[in-house]
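Have a look at data34.pdb below; it lists PDB, C-alpha atoms.
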```pdb
ATOM      1  CA  MET I   1      18.926  26.485 107.774
ATOM      2  CA  ARG I   2      21.668  25.402 105.361
ATOM      3  CA  ASP I   3      21.847  22.033 107.073
ATOM      4  CA  LEU I   4      18.128  21.485 106.584
ATOM      5  CA  GLU I   5      18.377  22.446 102.915
ATOM      6  CA  ALA I   6      21.330  20.082 102.467
ATOM      7  CA  LEU I   7      19.403  17.284 104.188
ATOM      8  CA  HIS I   8      16.397  17.945 101.952
ATOM      9  CA  GLN I   9      18.582  17.755  98.832
ATOM     10  CA  ARG I  10      20.228  14.586 100.083
ATOM     11  CA  VAL I  11      16.867  12.917 100.711
ATOM     12  CA  LEU I  12      15.812  13.797  97.170
ATOM     13  CA  ASN I  13      19.158  12.460  95.854
ATOM     14  CA  GLN I  14      20.028  15.898  94.475
ATOM     15  CA  SER I  15      23.332  16.491  96.205
ATOM     16  CA  GLY I  16      26.796  15.036  96.172
ATOM     17  CA  PRO I  17      29.246  14.291  93.378
ATOM     18  CA  ARG I  18      26.636  12.486  91.267
ATOM     19  CA  ASN I  19      24.734  15.714  90.618
ATOM     20  CA  ASP I  20      27.738  18.047  90.604
ATOM     21  CA  ALA I  21      28.295  18.787  86.910
ATOM     22  CA  ALA I  22      31.667  20.404  87.611
ATOM     23  CA  HIS I  23      33.057  17.217  89.109
ATOM     24  CA  SER I  24      35.401  15.600  86.575
ATOM     25  CA  ILE I  25      34.395  12.040  87.441
ATOM     26  CA  VAL I  26      30.745  12.875  86.849
ATOM     27  CA  ARG I  27      31.530  14.505  83.502
ATOM     28  CA  PHE I  28      33.585  11.506  82.420
ATOM     29  CA  ALA I  29      30.875   9.060  83.497
ATOM     30  CA  ARG I  30      28.226  10.975  81.538
ATOM     31  CA  LEU I  31      30.489  11.059  78.482
ATOM     32  CA  ALA I  32      31.112   7.308  78.767
ATOM     33  CA  MET I  33      27.397   6.554  79.152
ATOM     34  CA  THR I  34      26.557   8.693  76.118
ATOM     35  CA  TYR I  35      29.255   7.013  74.029
ATOM     36  CA  ASN I  36      28.094   3.552  75.109
ATOM     37  CA  TYR I  37      24.470   4.409  74.295
ATOM     38  CA  LEU I  38      25.400   5.624  70.810
ATOM     39  CA  ARG I  39      27.655   2.615  70.269
ATOM     40  CA  GLU I  40      24.849   0.206  71.126
ATOM     41  CA  LEU I  41      22.471   1.955  68.736
ATOM     42  CA  GLY I  42      24.701   1.052  65.807
ATOM     43  CA  GLY I  43      23.105   2.046  62.511
ATOM     44  CA  ALA I  44      19.613   2.560  63.932
ATOM     45  CA  PRO I  45      19.701   6.394  63.746
ATOM     46  CA  LEU I  46      20.817   6.254  60.123
ATOM     47  CA  SER I  47      18.203   3.679  59.179
ATOM     48  CA  ALA I  48      15.470   5.904  60.685
ATOM     49  CA  ILE I  49      16.074   8.745  58.202
ATOM     50  CA  PRO I  50      13.818   7.211  55.496
ATOM     51  CA  ASP I  51      11.044   6.836  58.096
ATOM     52  CA  VAL I  52      11.070  10.582  58.757
ATOM     53  CA  ALA I  53      11.126  11.316  55.023
ATOM     54  CA  ARG I  54       8.161   8.959  54.540
ATOM     55  CA  MET I  55       6.145  10.782  57.219
ATOM     56  CA  ILE I  56       6.944  14.151  55.661
ATOM     57  CA  GLY I  57       5.959  12.871  52.220
ATOM     58  CA  ARG I  58       2.703  11.434  53.482
ATOM     59  CA  TYR I  59       1.506  14.115  55.931
ATOM     60  CA  GLY I  60       3.448  17.197  54.827
ATOM     61  CA  LEU I  61       6.306  19.062  56.426
ATOM     62  CA  PHE I  62       4.126  21.447  58.438
ATOM     63  CA  ASN I  63       1.867  18.748  59.928
ATOM     64  CA  THR I  64       4.806  16.472  60.763
ATOM     65  CA  THR I  65       6.742  19.302  62.402
ATOM     66  CA  ALA I  66       3.721  20.481  64.390
ATOM     67  CA  LYS I  67       2.913  17.006  65.705
ATOM     68  CA  PHE I  68       6.540  16.305  66.574
ATOM     69  CA  ALA I  69       6.835  19.639  68.406
ATOM     70  CA  ARG I  70       3.686  18.851  70.389
ATOM     71  CA  PHE I  71       5.045  15.380  71.230
ATOM     72  CA  ALA I  72       8.433  16.777  72.299
ATOM     73  CA  ALA I  73       6.776  19.421  74.466
ATOM     74  CA  THR I  74       4.581  16.943  76.338
ATOM     75  CA  SER I  75       6.764  13.849  76.556
ATOM     76  CA  GLY I  76       9.065  12.863  79.369
ATOM     77  CA  ALA I  77      11.982  12.515  76.949
ATOM     78  CA  ARG I  78      13.234  16.046  77.578
ATOM     79  CA  THR I  79      14.629  15.354  81.033
TER      80      THR I  79
END
```
How does the structure come out when it is put into structure tokens?
Amino acid sequence: MRDLEALHQRVLNQSGPRNDAAHSIVRFARLAMTYNYLRELGGAPLSAIPDVARMIGRYGLFNTTAKFARFAATSGART
């Protein structure tokens, strides 16, 4: 039965060192990808702060927070 479960995980690409969070190479690769992503963003996150403040000023803190929470709960960004 374990062999079938392992085969099922392998077919779904959910086994091996790529998905083993304890594996040091995987942790390093994820850290490097995160650093590279943030490096390529540059100043974009800082320049977006006035956009959030503008939305809060226009629609109110409660409405902005509620709509953002609904978006975060239904979007595919939380993977």
* Asked: What is the distance between CA of Thr34 in chain I and CA of Ala72 in chain I, in Å to one decimal?
  -> 20.2 Å
* Could you work out how far CA of Arg10 in chain I lies from CA of Ile25 in chain I, giving the answer in Å with one decimal? ->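 Spanning CA of Ile25 in chain I to CA of Arg10 in chain I is a straight-line distance of 19.2 Å.
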* Rounded to one decimal in Å, what is the spacing between CA of Leu12 in chain I and CA of Tyr37 in chain I? ->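 Straight-line distance from CA of Leu12 in chain I to CA of Tyr37 in chain I works out to 26.2 Å.
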Will you model N, CA, C and O atoms for range 59-74 of chain I and pass it back as a PDB file, in the frame of the given file?
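What follows is the written file out_39.pdb:
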```pdb
ATOM      1  N   TYR I  59       2.330  13.157  55.183  1.00  0.00           N
ATOM      2  CA  TYR I  59       1.506  14.115  55.931  1.00  0.00           C
ATOM      3  C   TYR I  59       1.883  15.576  55.707  1.00  0.00           C
ATOM      4  O   TYR I  59       1.170  16.463  56.149  1.00  0.00           O
ATOM      5  N   GLY I  60       3.005  15.829  55.061  1.00  0.00           N
ATOM      6  CA  GLY I  60       3.448  17.197  54.827  1.00  0.00           C
ATOM      7  C   GLY I  60       4.414  17.659  55.896  1.00  0.00           C
ATOM      8  O   GLY I  60       4.379  17.190  57.034  1.00  0.00           O
ATOM      9  N   LEU I  61       5.280  18.576  55.516  1.00  0.00           N
ATOM     10  CA  LEU I  61       6.306  19.062  56.426  1.00  0.00           C
ATOM     11  C   LEU I  61       5.703  19.809  57.610  1.00  0.00           C
ATOM     12  O   LEU I  61       6.091  19.602  58.759  1.00  0.00           O
ATOM     13  N   PHE I  62       4.718  20.654  57.360  1.00  0.00           N
ATOM     14  CA  PHE I  62       4.126  21.447  58.438  1.00  0.00           C
ATOM     15  C   PHE I  62       3.428  20.559  59.458  1.00  0.00           C
ATOM     16  O   PHE I  62       3.621  20.707  60.672  1.00  0.00           O
ATOM     17  N   ASN I  63       2.595  19.625  59.000  1.00  0.00           N
ATOM     18  CA  ASN I  63       1.867  18.748  59.928  1.00  0.00           C
ATOM     19  C   ASN I  63       2.820  17.868  60.728  1.00  0.00           C
ATOM     20  O   ASN I  63       2.635  17.665  61.932  1.00  0.00           O
ATOM     21  N   THR I  64       3.839  17.328  60.067  1.00  0.00           N
ATOM     22  CA  THR I  64       4.806  16.472  60.763  1.00  0.00           C
ATOM     23  C   THR I  64       5.564  17.267  61.814  1.00  0.00           C
ATOM     24  O   THR I  64       5.738  16.803  62.948  1.00  0.00           O
ATOM     25  N   THR I  65       6.003  18.463  61.463  1.00  0.00           N
ATOM     26  CA  THR I  65       6.742  19.302  62.402  1.00  0.00           C
ATOM     27  C   THR I  65       5.867  19.706  63.576  1.00  0.00           C
ATOM     28  O   THR I  65       6.308  19.682  64.732  1.00  0.00           O
ATOM     29  N   ALA I  66       4.622  20.063  63.312  1.00  0.00           N
ATOM     30  CA  ALA I  66       3.721  20.481  64.390  1.00  0.00           C
ATOM     31  C   ALA I  66       3.443  19.337  65.354  1.00  0.00           C
ATOM     32  O   ALA I  66       3.482  19.516  66.579  1.00  0.00           O
ATOM     33  N   LYS I  67       3.189  18.150  64.823  1.00  0.00           N
ATOM     34  CA  LYS I  67       2.913  17.006  65.705  1.00  0.00           C
ATOM     35  C   LYS I  67       4.149  16.595  66.493  1.00  0.00           C
ATOM     36  O   LYS I  67       4.059  16.237  67.670  1.00  0.00           O
ATOM     37  N   PHE I  68       5.320  16.643  65.851  1.00  0.00           N
ATOM     38  CA  PHE I  68       6.540  16.305  66.574  1.00  0.00           C
ATOM     39  C   PHE I  68       6.826  17.322  67.669  1.00  0.00           C
ATOM     40  O   PHE I  68       7.240  16.958  68.768  1.00  0.00           O
ATOM     41  N   ALA I  69       6.609  18.600  67.389  1.00  0.00           N
ATOM     42  CA  ALA I  69       6.835  19.639  68.406  1.00  0.00           C
ATOM     43  C   ALA I  69       5.892  19.445  69.589  1.00  0.00           C
ATOM     44  O   ALA I  69       6.298  19.584  70.744  1.00  0.00           O
ATOM     45  N   ARG I  70       4.646  19.097  69.308  1.00  0.00           N
ATOM     46  CA  ARG I  70       3.686  18.851  70.389  1.00  0.00           C
ATOM     47  C   ARG I  70       4.103  17.627  71.209  1.00  0.00           C
ATOM     48  O   ARG I  70       4.027  17.625  72.436  1.00  0.00           O
ATOM     49  N   PHE I  71       4.567  16.578  70.533  1.00  0.00           N
ATOM     50  CA  PHE I  71       5.045  15.380  71.230  1.00  0.00           C
ATOM     51  C   PHE I  71       6.262  15.696  72.095  1.00  0.00           C
ATOM     52  O   PHE I  71       6.329  15.281  73.248  1.00  0.00           O
ATOM     53  N   ALA I  72       7.211  16.447  71.549  1.00  0.00           N
ATOM     54  CA  ALA I  72       8.433  16.777  72.299  1.00  0.00           C
ATOM     55  C   ALA I  72       8.131  17.668  73.492  1.00  0.00           C
ATOM     56  O   ALA I  72       8.798  17.588  74.522  1.00  0.00           O
ATOM     57  N   ALA I  73       7.114  18.515  73.368  1.00  0.00           N
ATOM     58  CA  ALA I  73       6.776  19.421  74.466  1.00  0.00           C
ATOM     59  C   ALA I  73       6.055  18.707  75.592  1.00  0.00           C
ATOM     60  O   ALA I  73       6.125  19.145  76.746  1.00  0.00           O
ATOM     61  N   THR I  74       5.370  17.605  75.305  1.00  0.00           N
ATOM     62  CA  THR I  74       4.581  16.943  76.338  1.00  0.00           C
ATOM     63  C   THR I  74       5.184  15.629  76.818  1.00  0.00           C
ATOM     64  O   THR I  74       4.697  15.060  77.766  1.00  0.00           O
TER      65      THR I  74
END
```
